Amino acid sequence: MSETVKVPTMAEYMAEGKKPEVLFWVGCAGSFDDRAKKITKAFVKLLHNANVDFAVLGTEESCTGDPAKRAGNEFLFQMQAVTNIEVLNAYEIKKVVTACPHCFNTLKNEYPALGGAYEVMHHTQFLKSLLDEGRLRVQGGKFKGKRITFHDPCYLGRANNVYEAPRELLQKLEVELVEMKRAKRNGLCCGAGGAQMFKEPEPGQKDVNIERTEDALQTKPEIIAAGCPFCNTMMTDGVKNKEKEDSIEVLDVAEMIANAQDL
Amino acid sequence: MQYIPNILFVIALVAGVGYFAKNIRKVIRNIRLGKDVDRTDNKNERLGNMVRIALGQSKMVRRPIAGILHILVYLGFIIINIEMLEIIIDGIIGTHRVFSFLGGFYDFLIGTFELLAITVLAVVIIFWVRRNVIKIKRFWSAEMKGWPKSDGDLILYFEMVLMTLFLVMNAADLQLQQLGAAHYVEAGAYPVSQYIAPFFEGMSTAALIMVERTAWWLHILGILVFLNYLYFSKHLHILLAFPNTYYADLKPKGQMDNLASVTKEVMLMMDPEADPFAAPAEEESDADPEKFGASDVLDLNWVQLLNSYTCTECGRCTSECPANQTGKKLSPRKIMMDTRDRLQEVGANIDKNGSFVDDGKQLLNDYITTEELWACTSCNACVEACPVSISPLSIILDMRRYLVMEQSAAPTDLNNMMSNIENNGAPWPFNQMDRLNWSQE
């Protein structure tokens, strides 16, 4: 990750008196988590490659408040939301894309009632729309024919009924897509949602991510595809726990598309 | 003297229906103890959901074996109840098979009821075997010990007995018809009970009438007892599934409501014009400040309370819950059972005292522990699994809100996460000014 990528900010756009086509909401994981930063960069490369006119908030972005809300701190959530909405509205943002299903759900569903109504897309939906418009090329490359299973993020799938966009992108990569026994609306959580990412699990027999990794391993995949930075962490840890990290990669759908094109 | 059976019948009917109505009024009153939430919008979509999910059982069949078996019992239950109309008229005015003038159509009806009755009997036996012989895991979880287990079995026994009585009654009737007994008009088709009738071969007319009358009375009394049993059991879903699917949340599952009381405070804090030293408005200063979240059933909204009465403890939620499957204490079904049990307790308290008198108990801790609440990943698997659109998750979230906002009782790790968000706008301790550093790395 030594290469720098050109990432325009809203402040720069504003200074030039321009407005981007879409705001890329990077999210906390995408900004700070070493693994998730790779996903962020891969997505930015795809945006550049498709000549998407985008910008980020940069230092003006702040947590959407999702983990606070799910933990029960509605106060902190709404403080975050109202502050973010002030920034977004000041820039007259109309369309937002994010690679984090938690940010996606919160921005899309919980911000409108607080004064922040935007068209919000998950990055797999956005990439799919670029594909449909002929702006993005997706080809198999090194993934062609590989056995891949997709783990549905709860906040993309059950929470918002988005199941097909990531799968359609994977199909375009000419992979052999195999579903886990629990997939789509029956998909099992990775264990990170509801603010669990930030705490130790309650006592039990097993960690949720291990249970979910076992689901994935049953499909004998070469790659576990994910669409959420938190799922990515949980599944990566699960694969390590099963000592399969040499044979199975956990990759975001955006990373796979970017890698396939050697971006 | 000849009117004694009619009088006894009317008394039994009025008492049975009356006592049930009294208890149902209690259920409705208890549900109305909940906080207000507006579910008057999108009437067509709501109606559609009710028709599809409750009437059409669309979510039941996601587990095909249990789903199809359930549909058979459900159809049997509804259709056989048409026969109740005849039984009630016969009972009140002392006729016998008052609809027999329908001729061929009557034969068709009775024949259909018999086929359904034997189907229901068979399915109920399969259900019993699933619970007690195969011991399907979700029927043997911790919260199913004791009464909930007996309750589930009792309902099955009720149905077995009622169906058997119905068929025995018909068999004796058929035998009497063939003997040409007075009063027993030749009517109806008996595709099932014709195989029971031979057991009555050689019995006197008087003895047969005894059997027929006994079965007839036990059947109708059994139905009245079963009707009244509903209130004391988990079985209210046969009625409440309809309103419950109608009033269910229509928003995307990931969307959790924004607490209006919090919005008010937040807007005030963000308003540069607001006077921080202003005296509270007249009406506000008298009232208790609004409580954030839920520690007891009265803090929940009426749909959540309706949910709790609707739950029939099938356990599909718990069997899909990631926390439960990995051995954590959380069971979404238990959340619903606890809410209902506590609501019943609060209702009994009101019955006794006229209004609720503090009993030193609450839903939190006395029923639901914090360990259960903190194990939830908010993944919505329980909500997706419920065949009648119950949301255990919304209760879990409201109780977490109470823990965090009223008691500051979040686990330490979560407190750290939240102070990071407050201080630097991310759940981890990274400086907000470094948010774009990734582009330079």
# chains A, B, ... in the order shown; residues from 1 in each chain; ligands from 1
call {"tool": "residues_around", "arguments": {"residues": "range 415-420 of chain B", "least_positions_apart": "6", "cutoff": "12 Å", "atoms": "only C-alpha atoms", "output": "PyMOL selection string"}}
result
(chain A and resi 28+62-63+65-77+79-80+195-199) or (chain B and resi 403-405+408-409+426-432)
call {"tool": "closest_atom_pairs", "arguments": {"of": "chain A", "to": "chain B", "cutoff": "7 Å", "atoms": "only C-alpha atoms", "output": "Markdown table"}}
result
| residue | atom | partner | partner_atom | distance |
| --- | --- | --- | --- | --- |
| A:Met1 | CA | B:Glu441 | CA | 5.9 |
| A:Ser2 | CA | B:Glu441 | CA | 5.2 |
| A:Glu3 | CA | B:Glu441 | CA | 6.5 |
| A:Thr4 | CA | B:Gln440 | CA | 4.6 |
| A:Val5 | CA | B:Ser439 | CA | 5.4 |
| A:Val7 | CA | B:Ser439 | CA | 6.7 |
| A:Cys28 | CA | B:Ala426 | CA | 5.7 |
| A:Ser31 | CA | B:Arg435 | CA | 5.6 |
| A:Phe32 | CA | B:Arg435 | CA | 7.0 |
| A:Lys37 | CA | B:Trp438 | CA | 6.4 |
| A:Gly58 | CA | B:Leu436 | CA | 5.0 |
| A:Thr59 | CA | B:Met433 | CA | 5.2 |
| A:Ser62 | CA | B:Gly425 | CA | 4.7 |
| A:Cys63 | CA | B:Ala426 | CA | 5.1 |
| A:Ala68 | CA | B:Met418 | CA | 6.1 |
| A:Arg70 | CA | B:Leu397 | CA | 6.9 |
| A:Ala71 | CA | B:Arg400 | CA | 6.4 |
| A:Gly72 | CA | B:Arg401 | CA | 3.9 |
| A:Asn73 | CA | B:Val404 | CA | 5.9 |
| A:Glu74 | CA | B:Arg401 | CA | 6.9 |
| A:Phe75 | CA | B:Val262 | CA | 6.0 |
| A:Gln78 | CA | B:Val266 | CA | 6.8 |
| A:Met79 | CA | B:Val266 | CA | 6.3 |
| A:Asn105 | CA | B:Gly254 | CA | 6.3 |
| A:Asn109 | CA | B:Gln255 | CA | 5.4 |
| A:Glu110 | CA | B:Gln255 | CA | 6.1 |
| A:Cys154 | CA | B:Cys379 | CA | 5.4 |
| A:Tyr155 | CA | B:Gly254 | CA | 6.2 |
| A:Arg158 | CA | B:Asn380 | CA | 6.7 |
| A:Ala159 | CA | B:Gly254 | CA | 4.0 |
| A:Asn160 | CA | B:Pro252 | CA | 5.6 |
| A:Leu188 | CA | B:Pro322 | CA | 6.6 |
| A:Cys189 | CA | B:Cys379 | CA | 6.0 |
| A:Gly191 | CA | B:Thr377 | CA | 6.2 |
| A:Ala192 | CA | B:Thr377 | CA | 6.5 |
| A:Gly193 | CA | B:Thr377 | CA | 4.6 |
| A:Gly194 | CA | B:Thr377 | CA | 4.3 |
| A:Gln196 | CA | B:Thr377 | CA | 6.1 |
| A:Phe198 | CA | B:Leu414 | CA | 6.2 |
| A:Lys199 | CA | B:Asp413 | CA | 5.0 |
| A:Pro201 | CA | B:Ala375 | CA | 6.7 |
| A:Glu202 | CA | B:Ala375 | CA | 5.7 |
| A:Pro203 | CA | B:Lys328 | CA | 6.0 |
| A:Gly204 | CA | B:Gly327 | CA | 4.2 |
| A:Gln205 | CA | B:Gly327 | CA | 4.9 |
| A:Lys206 | CA | B:Thr326 | CA | 5.0 |
| A:Asp207 | CA | B:Thr326 | CA | 6.3 |
| A:Val208 | CA | B:Thr326 | CA | 6.1 |
call {"tool": "select_by_dssp", "arguments": {"residues": "range 173-209 of chain A", "states": "helix (DSSP H, G or I)", "output": "list in words"}}
result
Lys184, Arg185, Asn186, Gln196, Met197, Phe198, Val208 and Asn209 of chain A
call {"tool": "closest_residue", "arguments": {"among": "A:Thr149, A:Met10, A:Asp252, A:Gln171", "to": "Ile224 in chain A", "atoms": "only C-alpha atoms"}}
result
A:Thr149
call {"tool": "residues_around", "arguments": {"residues": "Leu127 in chain A", "least_positions_apart": "6", "cutoff": "10 Å", "atoms": "only C-alpha atoms", "output": "list in words"}}
result
Phe43, Leu46, Leu47, Ala50, Val97, Met121, Glu133, Arg135, Leu136, Arg137, Val138, Ala165, Pro166, Leu169, Val253, Ala254 and Ile257 of chain A
call {"tool": "write_last_selection", "arguments": {"atoms": "N, CA and C atoms", "output": "short mmCIF file (atom, residue, chain, number, x, y, z; two decimals), in the first residue's frame"}}
result
data_model
loop_
_atom_site.label_atom_id
_atom_site.label_comp_id
_atom_site.auth_asym_id
_atom_site.auth_seq_id
_atom_site.Cartn_x
_atom_site.Cartn_y
_atom_site.Cartn_z
N PHE A 43 -11.70 0.26 -4.41
CA PHE A 43 -12.93 0.88 -4.90
C PHE A 43 -12.62 2.21 -5.58
N LEU A 46 -11.40 1.68 -9.01
CA LEU A 46 -12.50 1.36 -9.93
C LEU A 46 -13.26 2.63 -10.31
N LEU A 47 -13.44 3.52 -9.35
CA LEU A 47 -14.15 4.78 -9.64
C LEU A 47 -13.37 5.59 -10.67
N ALA A 50 -13.55 4.05 -14.10
CA ALA A 50 -14.84 4.23 -14.77
C ALA A 50 -15.14 5.71 -15.00
N VAL A 97 -22.29 6.91 -2.01
CA VAL A 97 -21.97 5.49 -2.15
C VAL A 97 -21.01 5.13 -1.03
N MET A 121 -26.24 4.28 -1.96
CA MET A 121 -26.00 2.99 -2.60
C MET A 121 -24.84 2.28 -1.93
N GLU A 133 -24.32 0.56 -17.17
CA GLU A 133 -24.19 1.74 -18.03
C GLU A 133 -23.00 1.62 -18.99
N ARG A 135 -19.89 1.65 -18.17
CA ARG A 135 -18.75 2.46 -17.76
C ARG A 135 -17.68 1.61 -17.09
N LEU A 136 -18.07 0.48 -16.60
CA LEU A 136 -17.13 -0.39 -15.89
C LEU A 136 -17.03 -1.72 -16.63
N ARG A 137 -15.77 -2.17 -16.82
CA ARG A 137 -15.58 -3.48 -17.41
C ARG A 137 -15.28 -4.46 -16.28
N VAL A 138 -15.98 -5.57 -16.25
CA VAL A 138 -15.67 -6.60 -15.26
C VAL A 138 -15.34 -7.86 -16.03
N ALA A 165 -27.00 -7.71 -6.35
CA ALA A 165 -25.92 -6.88 -6.91
C ALA A 165 -24.54 -7.52 -6.73
N PRO A 166 -24.16 -7.91 -5.51
CA PRO A 166 -22.83 -8.52 -5.37
C PRO A 166 -22.70 -9.82 -6.15
N LEU A 169 -22.16 -9.18 -9.88
CA LEU A 169 -20.78 -8.77 -10.15
C LEU A 169 -19.85 -9.98 -10.15
N VAL A 253 -15.75 -7.79 -2.82
CA VAL A 253 -16.13 -7.88 -4.23
C VAL A 253 -15.39 -6.80 -5.05
N ALA A 254 -15.25 -5.60 -4.48
CA ALA A 254 -14.57 -4.51 -5.20
C ALA A 254 -13.09 -4.84 -5.42
N ILE A 257 -12.79 -7.26 -8.34
CA ILE A 257 -12.95 -6.65 -9.66
C ILE A 257 -11.70 -5.84 -10.03
#
call {"tool": "residues_around", "arguments": {"residues": "Lys142 in chain A", "least_positions_apart": "3", "cutoff": "10 Å", "atoms": "only C-alpha atoms", "output": "list in words"}}
result
Gln139, Gly145, Lys146, Leu173, Glu174, Val175, Met256, Asn259, Ala260, Gln261 and Asp262 of chain A
call {"tool": "atom_distance", "arguments": {"atom1": "CA of Arg46 in chain B", "atom2": "CA of Ser233 in chain B"}}
result
27.0 Å
